[in-house]
$ cat coords_34.txt   # compact mmCIF, C-alpha atoms
# COMPACT_ATOMS: atom_id res chain seq x y z
CA MET G 1 -66.84 9.73 18.19
CA SER G 2 -67.58 7.86 15.05
CA GLU G 3 -64.96 5.69 13.47
CA PRO G 4 -64.04 6.08 9.80
CA GLN G 5 -65.54 3.57 7.48
CA GLY G 6 -63.52 0.56 6.69
CA SER G 7 -61.41 0.76 9.86
CA GLU G 8 -62.65 -2.54 11.29
CA ASN G 9 -62.02 -5.99 9.86
CA THR G 10 -60.73 -4.52 6.64
CA THR G 11 -57.61 -5.79 4.92
CA ARG G 12 -56.19 -3.89 1.98
CA ARG G 13 -54.45 -6.07 -0.58
CA MET G 14 -51.06 -4.86 -1.73
CA PRO G 15 -50.36 -4.77 -5.46
CA VAL G 16 -48.38 -7.65 -6.91
CA LEU G 17 -45.42 -6.87 -9.14
CA GLU G 18 -44.28 -9.41 -11.64
CA LYS G 19 -40.53 -9.91 -11.76
CA PRO G 20 -39.09 -10.94 -15.11
CA ASP G 21 -36.99 -14.05 -15.33
CA ALA G 22 -33.40 -13.04 -14.57
CA GLY G 23 -31.90 -16.38 -15.49
CA PRO G 24 -30.41 -18.96 -13.17
CA PRO G 25 -29.67 -17.80 -9.62
CA ALA G 26 -26.15 -17.00 -8.51
CA GLU G 27 -26.31 -19.75 -5.88
CA ASP G 28 -27.60 -23.27 -6.14
CA GLU G 29 -29.71 -25.18 -3.62
CA LEU G 30 -26.63 -26.12 -1.60
CA GLY G 31 -25.61 -22.48 -1.15
CA GLN G 32 -22.52 -22.75 -3.29
CA SER G 33 -21.42 -19.49 -4.87
CA ALA G 34 -20.83 -18.97 -8.55
CA SER G 35 -17.51 -20.04 -9.99
CA ALA G 36 -14.54 -17.73 -10.37
CA ALA G 37 -15.00 -17.65 -14.13
CA ASP G 38 -18.31 -15.76 -13.65
CA TYR G 39 -16.59 -12.82 -11.95
CA ASP G 40 -16.81 -9.77 -14.19
CA PRO G 41 -14.94 -6.76 -12.75
CA PRO G 42 -15.93 -3.26 -13.85
CA PRO G 43 -14.00 -1.96 -16.81
CA ALA G 44 -10.93 0.11 -16.10
CA VAL G 45 -10.75 3.75 -17.13
CA ASP G 46 -7.73 4.97 -19.08
CA ASP G 47 -6.50 8.48 -18.40
CA ALA G 48 -3.51 10.50 -19.53
CA SER G 49 -1.14 8.72 -17.13
CA GLY G 50 -2.75 5.33 -17.59
CA GLY G 51 -3.72 5.19 -13.92
CA ARG G 52 -1.25 2.36 -13.40
CA GLY G 53 1.55 4.07 -11.52
CA ARG G 54 2.12 3.97 -7.81
CA PHE G 55 0.96 6.68 -5.46
CA TRP G 56 3.48 9.47 -4.84
CA SER G 57 4.53 10.24 -1.31
CA VAL G 58 4.58 13.85 -0.17
CA ARG G 59 7.91 13.25 1.64
CA ARG G 60 6.99 15.40 4.61
CA VAL G 61 9.81 14.23 6.90
CA PRO G 62 12.74 14.61 4.45
CA ALA G 63 11.36 17.90 3.15
CA GLY G 64 10.92 19.21 6.69
CA ILE G 65 14.47 18.20 7.70
CA VAL G 66 16.03 19.82 4.62
CA ALA G 67 13.95 22.98 5.05
CA LEU G 68 14.94 23.24 8.73
CA LEU G 69 18.66 22.79 7.98
CA VAL G 70 18.55 25.35 5.18
CA LEU G 71 16.65 27.79 7.38
CA VAL G 72 19.07 27.46 10.30
CA GLY G 73 22.18 27.69 8.08
CA ALA G 74 20.88 30.65 6.10
CA GLY G 75 19.78 32.43 9.27
CA VAL G 76 23.16 32.04 10.99
CA LEU G 77 25.08 33.11 7.88
CA LEU G 78 22.79 36.10 7.30
CA TYR G 79 23.22 37.19 10.91
CA ASP G 80 27.00 37.02 10.64
CA VAL G 81 27.03 38.95 7.36
CA ALA G 82 24.78 41.62 8.86
CA ALA G 83 27.10 41.89 11.88
CA VAL G 84 30.13 42.43 9.61
CA ARG G 85 28.21 45.10 7.68
CA ALA G 86 27.51 46.80 11.01
CA HIS G 87 31.29 47.07 11.58
CA ARG G 88 31.47 44.22 14.03
CA PRO G 89 34.03 41.40 13.90
CA ALA G 90 33.05 38.23 12.04
CA SER G 91 32.19 35.14 14.00
CA HIS G 92 35.03 32.86 14.99
CA TRP G 93 33.48 29.83 13.27
CA ARG G 94 33.32 31.56 9.91
CA GLY G 95 36.95 32.65 10.03
CA SER G 96 38.05 29.18 11.13
CA LEU G 97 36.01 27.55 8.35
CA VAL G 98 37.48 29.83 5.69
CA ARG G 99 41.00 29.19 6.95
CA GLN G 100 40.52 25.42 6.99
CA LEU G 101 39.11 25.42 3.46
CA ALA G 102 42.04 27.51 2.23
CA GLU G 103 44.83 25.55 3.94
CA ARG G 104 43.69 21.90 3.76
CA PRO G 105 44.60 20.01 0.56
CA LEU G 106 41.94 18.24 -1.48
CA ASP G 107 43.30 14.79 -0.61
CA ASP G 108 42.93 15.41 3.11
CA THR G 109 40.96 12.75 4.97
CA TRP G 110 38.41 15.12 6.47
CA VAL G 111 37.87 16.84 3.14
CA LEU G 112 37.18 13.48 1.46
CA VAL G 113 34.85 12.41 4.28
CA GLY G 114 32.90 15.65 4.07
CA ALA G 115 32.63 15.43 0.29
CA GLY G 116 31.46 11.82 0.53
CA LEU G 117 28.76 12.70 3.06
CA ALA G 118 27.58 15.60 0.91
CA ALA G 119 27.45 13.35 -2.16
CA VAL G 120 25.48 10.66 -0.31
CA LEU G 121 23.04 13.23 1.03
CA GLY G 122 22.54 14.74 -2.42
CA LEU G 123 22.04 11.32 -4.01
CA TRP G 124 19.49 10.43 -1.32
CA LEU G 125 17.53 13.61 -2.02
CA ILE G 126 17.59 12.93 -5.76
CA VAL G 127 16.31 9.39 -5.24
CA LEU G 128 13.49 10.70 -3.04
CA ALA G 129 12.59 13.26 -5.70
CA VAL G 130 12.36 10.85 -8.65
CA THR G 131 10.78 7.82 -6.93
CA PRO G 132 7.09 7.64 -5.93
CA GLY G 133 7.41 5.95 -2.56
CA LEU G 134 4.40 4.50 -0.71
CA ARG G 135 5.45 0.94 -1.44
CA ASP G 136 2.80 -0.39 0.95
CA VAL G 137 -0.09 0.97 -1.15
CA LEU G 138 -1.12 -1.14 -4.14
CA PRO G 139 -2.94 0.81 -6.91
CA MET G 140 -6.40 -0.46 -7.81
CA ARG G 141 -8.24 -0.37 -11.12
CA ARG G 142 -9.90 2.92 -11.92
CA THR G 143 -13.61 2.62 -12.65
CA HIS G 144 -14.18 6.39 -12.60
CA PRO G 145 -11.89 9.04 -14.14
CA ASP G 146 -12.02 11.25 -11.02
CA VAL G 147 -11.48 8.53 -8.41
CA ARG G 148 -8.30 6.61 -7.74
CA ALA G 149 -8.08 4.02 -5.00
CA GLY G 150 -5.27 2.09 -3.35
CA LEU G 151 -5.11 -0.93 -1.06
CA HIS G 152 -2.57 -1.41 1.70
CA ARG G 153 -0.59 -4.60 1.43
CA SER G 154 -1.42 -5.55 5.02
CA ALA G 155 -5.16 -5.26 4.29
CA ALA G 156 -4.80 -7.33 1.12
CA ALA G 157 -2.84 -9.99 3.02
CA THR G 158 -5.53 -10.13 5.71
CA ALA G 159 -8.29 -10.54 3.10
CA LEU G 160 -6.42 -13.38 1.39
CA ARG G 161 -5.66 -15.03 4.71
CA ASP G 162 -9.37 -15.03 5.60
CA ARG G 163 -10.18 -16.60 2.24
CA ALA G 164 -7.51 -19.27 2.73
CA MET G 165 -8.80 -20.18 6.19
CA GLU G 166 -12.15 -21.09 4.60
CA VAL G 167 -10.53 -24.00 2.74
CA SER G 168 -11.20 -27.35 4.36
CA GLY G 169 -8.14 -28.87 6.00
CA VAL G 170 -6.26 -25.59 6.54
CA ARG G 171 -5.11 -25.13 10.11
CA SER G 172 -3.08 -21.92 9.84
CA VAL G 173 -1.98 -19.58 7.04
CA ARG G 174 0.75 -17.00 6.69
CA VAL G 175 0.40 -14.59 3.75
CA ARG G 176 3.18 -12.32 2.59
CA MET G 177 1.83 -9.73 0.16
CA GLY G 178 4.32 -8.16 -2.22
CA ARG G 179 3.86 -5.77 -5.11
CA ARG G 180 4.54 -8.52 -7.67
CA LYS G 181 4.10 -11.78 -5.76
CA VAL G 182 1.92 -13.29 -3.05
CA ASP G 183 3.66 -15.93 -0.93
CA VAL G 184 1.25 -18.17 0.98
CA ARG G 185 2.41 -20.81 3.47
CA ALA G 186 -0.33 -22.97 4.95
CA VAL G 187 -0.41 -25.79 7.47
CA SER G 188 -2.91 -28.61 6.89
CA HIS G 189 -3.76 -31.13 9.61
CA PHE G 190 -5.96 -33.41 7.46
CA ARG G 191 -6.77 -34.11 3.82
CA ALA G 192 -4.19 -34.77 1.16
CA LEU G 193 -1.72 -31.96 0.66
CA ASP G 194 -2.26 -31.91 -3.11
CA ASP G 195 -6.00 -31.47 -2.65
CA VAL G 196 -5.54 -28.67 -0.13
CA ARG G 197 -3.03 -26.96 -2.41
CA ALA G 198 -5.40 -27.18 -5.38
CA ASP G 199 -8.25 -25.68 -3.37
CA LEU G 200 -5.97 -22.92 -2.10
CA ASP G 201 -4.82 -22.12 -5.63
CA ALA G 202 -8.38 -21.74 -6.85
CA THR G 203 -9.63 -19.83 -3.79
CA LEU G 204 -6.69 -17.42 -3.60
CA ALA G 205 -6.68 -16.82 -7.35
CA ASP G 206 -10.31 -15.78 -7.10
CA GLY G 207 -9.48 -13.65 -4.04
CA ILE G 208 -6.66 -11.86 -5.86
CA ARG G 209 -8.95 -11.06 -8.77
CA GLY G 210 -11.51 -9.75 -6.30
CA LEU G 211 -9.00 -7.25 -4.86
CA GLY G 212 -9.26 -5.23 -8.06
CA LEU G 213 -5.56 -4.45 -8.36
CA VAL G 214 -4.08 -2.88 -11.47
CA ARG G 215 -1.24 -5.39 -11.58
CA THR G 216 -2.23 -8.93 -10.66
CA PRO G 217 0.57 -10.41 -8.52
CA ALA G 218 1.84 -13.95 -9.03
CA LEU G 219 0.72 -16.57 -6.54
CA SER G 220 2.98 -19.03 -4.71
CA VAL G 221 1.36 -21.57 -2.38
CA HIS G 222 3.20 -23.93 -0.04
CA VAL G 223 1.34 -26.49 2.11
CA ALA G 224 2.92 -28.58 4.85
CA ARG G 225 1.98 -30.76 7.80
CA PRO G 226 2.23 -29.38 11.34
CA GLY G 227 5.48 -30.16 13.11
CA ARG G 228 5.69 -32.63 15.95
CA LYS G 229 5.49 -31.23 19.43
CA GLY G 230 8.47 -31.85 21.66
$ encode --input "coords_34.txt" --output "structure tokens"
Amino acid sequence: MSEPQGSENTTRRMPVLEKPDAGPPAEDELGQSASAADYDPPPAVDDASGGRGRFWSVRRVPAGIVALLVLVGAGVLLYDVAAVRAHRPASHWRGSLVRQLAERPLDDTWVLVGAGLAAVLGLWLIVLAVTPGLRDVLPMRRTHPDVRAGLHRSAAATALRDRAMEVSGVRSVRVRMGRRKVDVRAVSHFRALDDVRADLDATLADGIRGLGLVRTPALSVHVARPGRKG
């Protein structure tokens, strides 16, 4: 069999593409990243609701409990009413309940206790209906009108803790992530505490901006020396 021409000792040169000058690189020769001031997050998208509210919980457990109680109560009452319509005697519990409600005064202890429990239950349901819930999910900036994202507080705390552990001199870090404030407590085993605190302030401030949250929480940093053993 004959070989195709140019199959031996032939090297095909690839075309060379010229890349325009894109300016100074993001990292210098020492591998240091760009400063926090160069961070430019994508612009937020404004919608009808502003996209700044918290995520609403579906309240599956409270809704399921209320629906089950209403279903059981309505079913028992409907069965008793149907039995009376079928010329059968009413249930003993219904007659006793009607008699107690007719004979007990309004200032009776059990009447007040029952009214208090009903009022507390109703207030609890109203609070659940008018509040969004999902306090552990922090809303993020919307960069697309059809997409809305949220970040769990535990995940945000873990990300900030990893950033804090990169600071020289930090031995351990505890991050408490709130909806309005981030409390950071670090232990430093060398370097001056003021220097470590300054580096933590800069690093964590950049980390908070990188989370892309709608509401930037305040930052509180505390640095201490490790305690003596024994």
$ atom_distance --input "coords_34.txt" --atom1 "CA of Phe190 (chain G)" --atom2 "CA of Met177 (chain G)"
26.0 Å
$ residues_around --input "coords_34.txt" --residues "Val130 (chain G)" --least-positions-apart "4" --cutoff "10 Å" --atoms "all atoms listed in the file" --output "PDB file with C-alpha atoms, in the frame of the given file"
ATOM      1  CA  TRP G  56       3.480   9.470  -4.840  1.00  0.00           C
ATOM      2  CA  LEU G 125      17.530  13.610  -2.020  1.00  0.00           C
ATOM      3  CA  ILE G 126      17.590  12.930  -5.760  1.00  0.00           C
TER       4      ILE G 126
END
$ residues_around --input "coords_34.txt" --residues "Asp195 (chain G)" --least-positions-apart "5" --cutoff "10 Å" --atoms "all atoms listed in the file" --output "mmCIF file with C-alpha atoms, in the coordinates of the input"
data_model
loop_
_atom_site.group_PDB
_atom_site.id
_atom_site.type_symbol
_atom_site.label_atom_id
_atom_site.label_comp_id
_atom_site.auth_asym_id
_atom_site.auth_seq_id
_atom_site.Cartn_x
_atom_site.Cartn_y
_atom_site.Cartn_z
ATOM 1 C CA SER G 168 -11.200 -27.350 4.360
ATOM 2 C CA GLY G 169 -8.140 -28.870 6.000
ATOM 3 C CA LEU G 200 -5.970 -22.920 -2.100
ATOM 4 C CA ASP G 201 -4.820 -22.120 -5.630
#
$ atom_distance --input "coords_34.txt" --atom1 "CA of Arg88 (chain G)" --atom2 "CA of Val76 (chain G)"
15.1 Å
$ atom_distance --input "coords_34.txt" --atom1 "CA of Leu121 (chain G)" --atom2 "CA of Val66 (chain G)"
10.3 Å
$ closest_residue --input "coords_34.txt" --among "G:Asp80, G:Asp107, G:Leu160, G:Thr143" --to "Gly95 (chain G)" --atoms "only C-alpha atoms"
G:Asp80
$ residues_around --input "coords_34.txt" --residues "Val58 (chain G)" --least-positions-apart "4" --cutoff "12 Å" --atoms "only C-alpha atoms" --output "list in words"
Pro62, Ala63, Gly64, Leu128, Ala129, Val130, Thr131, Pro132, Gly133 and Leu134 of chain G
$ residues_around --input "coords_34.txt" --residues "Gly227 (chain G)" --least-positions-apart "3" --cutoff "12 Å" --atoms "only C-alpha atoms" --output "PyMOL selection string"
chain G and resi 187-189+224+230
$ axis_aligned_box --input "coords_34.txt" --around "region 183-188 of chain G" --padding-each-side "3 Å" --output "JSON"
{"center_x": 0.4, "center_y": -22.3, "center_z": 3.3, "size_x": 12.6, "size_y": 18.7, "size_z": 14.4}
$ residues_near_point --input "coords_34.txt" --point "(-5.6, -22.0, 7.1)" --cutoff "12 Å" --atoms "only C-alpha atoms" --output "count of residues only"
36
$ closest_residue --input "coords_34.txt" --among "G:Val214, G:Leu97, G:Ala86, G:Val70" --to "Leu151 (chain G)" --atoms "all atoms listed in the file"
G:Val214
$ closest_residue --input "coords_34.txt" --among "G:Gly207, G:Gly73, G:Gly212, G:Pro105" --to "Ala149 (chain G)" --atoms "all atoms listed in the file"
G:Gly212
$ closest_residue --input "coords_34.txt" --among "G:Ala205, G:Ser91, G:Arg85, G:Asp183" --to "Ser220 (chain G)" --atoms "all atoms listed in the file"
G:Asp183
$ closest_residue --input "coords_34.txt" --among "G:Ile65, G:Ala192, G:Ala198, G:Val182" --to "Pro217 (chain G)" --atoms "only C-alpha atoms"
G:Val182
$ closest_residue --input "coords_34.txt" --among "G:Arg148, G:Arg191, G:Arg215, G:Arg60" --to "Arg179 (chain G)" --atoms "only C-alpha atoms"
G:Arg215
$ decode --input "coords_34.txt" --residues "region 132-145 of chain G" --atoms "all heavy atoms" --output "short mmCIF file (atom, residue, chain, number, x, y, z; two decimals), in the first residue's frame"
data_model
loop_
_atom_site.label_atom_id
_atom_site.label_comp_id
_atom_site.auth_asym_id
_atom_site.auth_seq_id
_atom_site.Cartn_x
_atom_site.Cartn_y
_atom_site.Cartn_z
N PRO G 132 -41.92 36.52 56.44
CA PRO G 132 -41.39 35.67 55.37
C PRO G 132 -40.76 34.38 55.85
O PRO G 132 -40.82 33.36 55.15
CB PRO G 132 -40.35 36.58 54.70
CG PRO G 132 -39.94 37.54 55.76
CD PRO G 132 -41.16 37.78 56.59
N GLY G 133 -40.11 34.40 57.01
CA GLY G 133 -39.42 33.20 57.46
C GLY G 133 -38.09 33.03 56.74
O GLY G 133 -37.56 33.97 56.13
N LEU G 134 -37.56 31.80 56.78
CA LEU G 134 -36.27 31.48 56.15
C LEU G 134 -35.19 32.48 56.55
O LEU G 134 -34.54 33.10 55.72
CB LEU G 134 -36.42 31.43 54.63
CG LEU G 134 -37.30 30.32 54.06
CD1 LEU G 134 -37.33 30.38 52.55
CD2 LEU G 134 -36.83 28.96 54.52
N ARG G 135 -34.99 32.62 57.84
CA ARG G 135 -34.01 33.56 58.35
C ARG G 135 -32.58 33.13 58.04
O ARG G 135 -31.66 33.94 58.08
CB ARG G 135 -34.17 33.72 59.86
CG ARG G 135 -35.53 34.28 60.28
CD ARG G 135 -35.66 34.30 61.80
NE ARG G 135 -34.65 35.13 62.41
CZ ARG G 135 -34.77 36.43 62.63
NH1 ARG G 135 -35.87 37.05 62.25
NH2 ARG G 135 -33.81 37.13 63.20
N ASP G 136 -32.37 31.86 57.74
CA ASP G 136 -31.02 31.37 57.46
C ASP G 136 -30.58 31.62 56.03
O ASP G 136 -29.42 31.35 55.69
CB ASP G 136 -30.94 29.86 57.75
CG ASP G 136 -31.00 29.56 59.24
OD1 ASP G 136 -30.69 30.48 60.02
OD2 ASP G 136 -31.37 28.44 59.61
N VAL G 137 -31.47 32.10 55.17
CA VAL G 137 -31.13 32.34 53.77
C VAL G 137 -30.98 33.84 53.55
O VAL G 137 -31.91 34.61 53.75
CB VAL G 137 -32.20 31.77 52.83
CG1 VAL G 137 -31.83 32.03 51.37
CG2 VAL G 137 -32.39 30.28 53.06
N LEU G 138 -29.79 34.25 53.13
CA LEU G 138 -29.50 35.65 52.86
C LEU G 138 -29.72 35.94 51.38
O LEU G 138 -29.14 35.26 50.52
CB LEU G 138 -28.04 35.98 53.24
CG LEU G 138 -27.66 35.69 54.68
CD1 LEU G 138 -26.16 35.92 54.88
CD2 LEU G 138 -28.45 36.55 55.64
N PRO G 139 -30.55 36.91 51.02
CA PRO G 139 -30.79 37.21 49.60
C PRO G 139 -29.55 37.81 48.95
O PRO G 139 -28.84 38.63 49.54
CB PRO G 139 -31.94 38.21 49.62
CG PRO G 139 -31.90 38.82 50.99
CD PRO G 139 -31.37 37.77 51.91
N MET G 140 -29.29 37.40 47.72
CA MET G 140 -28.15 37.89 46.95
C MET G 140 -28.62 38.87 45.87
O MET G 140 -29.81 38.92 45.54
CB MET G 140 -27.41 36.71 46.31
CG MET G 140 -26.93 35.68 47.32
SD MET G 140 -26.12 34.26 46.54
CE MET G 140 -24.65 35.03 45.87
N ARG G 141 -27.67 39.63 45.34
CA ARG G 141 -28.00 40.59 44.30
C ARG G 141 -28.50 39.87 43.05
O ARG G 141 -27.98 38.83 42.67
CB ARG G 141 -26.79 41.44 43.94
CG ARG G 141 -26.41 42.46 45.00
CD ARG G 141 -25.35 43.41 44.45
NE ARG G 141 -24.16 42.71 44.01
CZ ARG G 141 -23.10 42.49 44.77
NH1 ARG G 141 -23.10 42.90 46.01
NH2 ARG G 141 -22.06 41.84 44.29
N ARG G 142 -29.49 40.47 42.43
CA ARG G 142 -30.06 39.90 41.21
C ARG G 142 -29.34 40.49 40.00
O ARG G 142 -29.35 41.69 39.78
CB ARG G 142 -31.56 40.17 41.12
CG ARG G 142 -32.35 39.61 42.29
CD ARG G 142 -33.83 39.76 42.08
NE ARG G 142 -34.31 38.91 41.00
CZ ARG G 142 -35.60 38.68 40.77
NH1 ARG G 142 -36.52 39.23 41.53
NH2 ARG G 142 -35.98 37.90 39.78
N THR G 143 -28.71 39.63 39.22
CA THR G 143 -28.07 40.04 37.99
C THR G 143 -28.89 39.67 36.76
O THR G 143 -28.51 40.01 35.65
CB THR G 143 -26.67 39.41 37.88
OG1 THR G 143 -26.80 37.98 37.94
CG2 THR G 143 -25.80 39.88 39.04
N HIS G 144 -30.00 38.97 36.97
CA HIS G 144 -30.90 38.59 35.88
C HIS G 144 -32.32 38.71 36.42
O HIS G 144 -32.61 38.28 37.53
CB HIS G 144 -30.62 37.17 35.40
CG HIS G 144 -31.28 36.83 34.11
ND1 HIS G 144 -32.61 36.44 34.04
CD2 HIS G 144 -30.83 36.84 32.84
CE1 HIS G 144 -32.93 36.21 32.78
NE2 HIS G 144 -31.87 36.44 32.03
N PRO G 145 -33.24 39.27 35.64
CA PRO G 145 -34.60 39.49 36.16
C PRO G 145 -35.36 38.20 36.49
O PRO G 145 -36.29 38.22 37.29
CB PRO G 145 -35.29 40.27 35.04
CG PRO G 145 -34.48 39.98 33.81
CD PRO G 145 -33.08 39.82 34.28
#
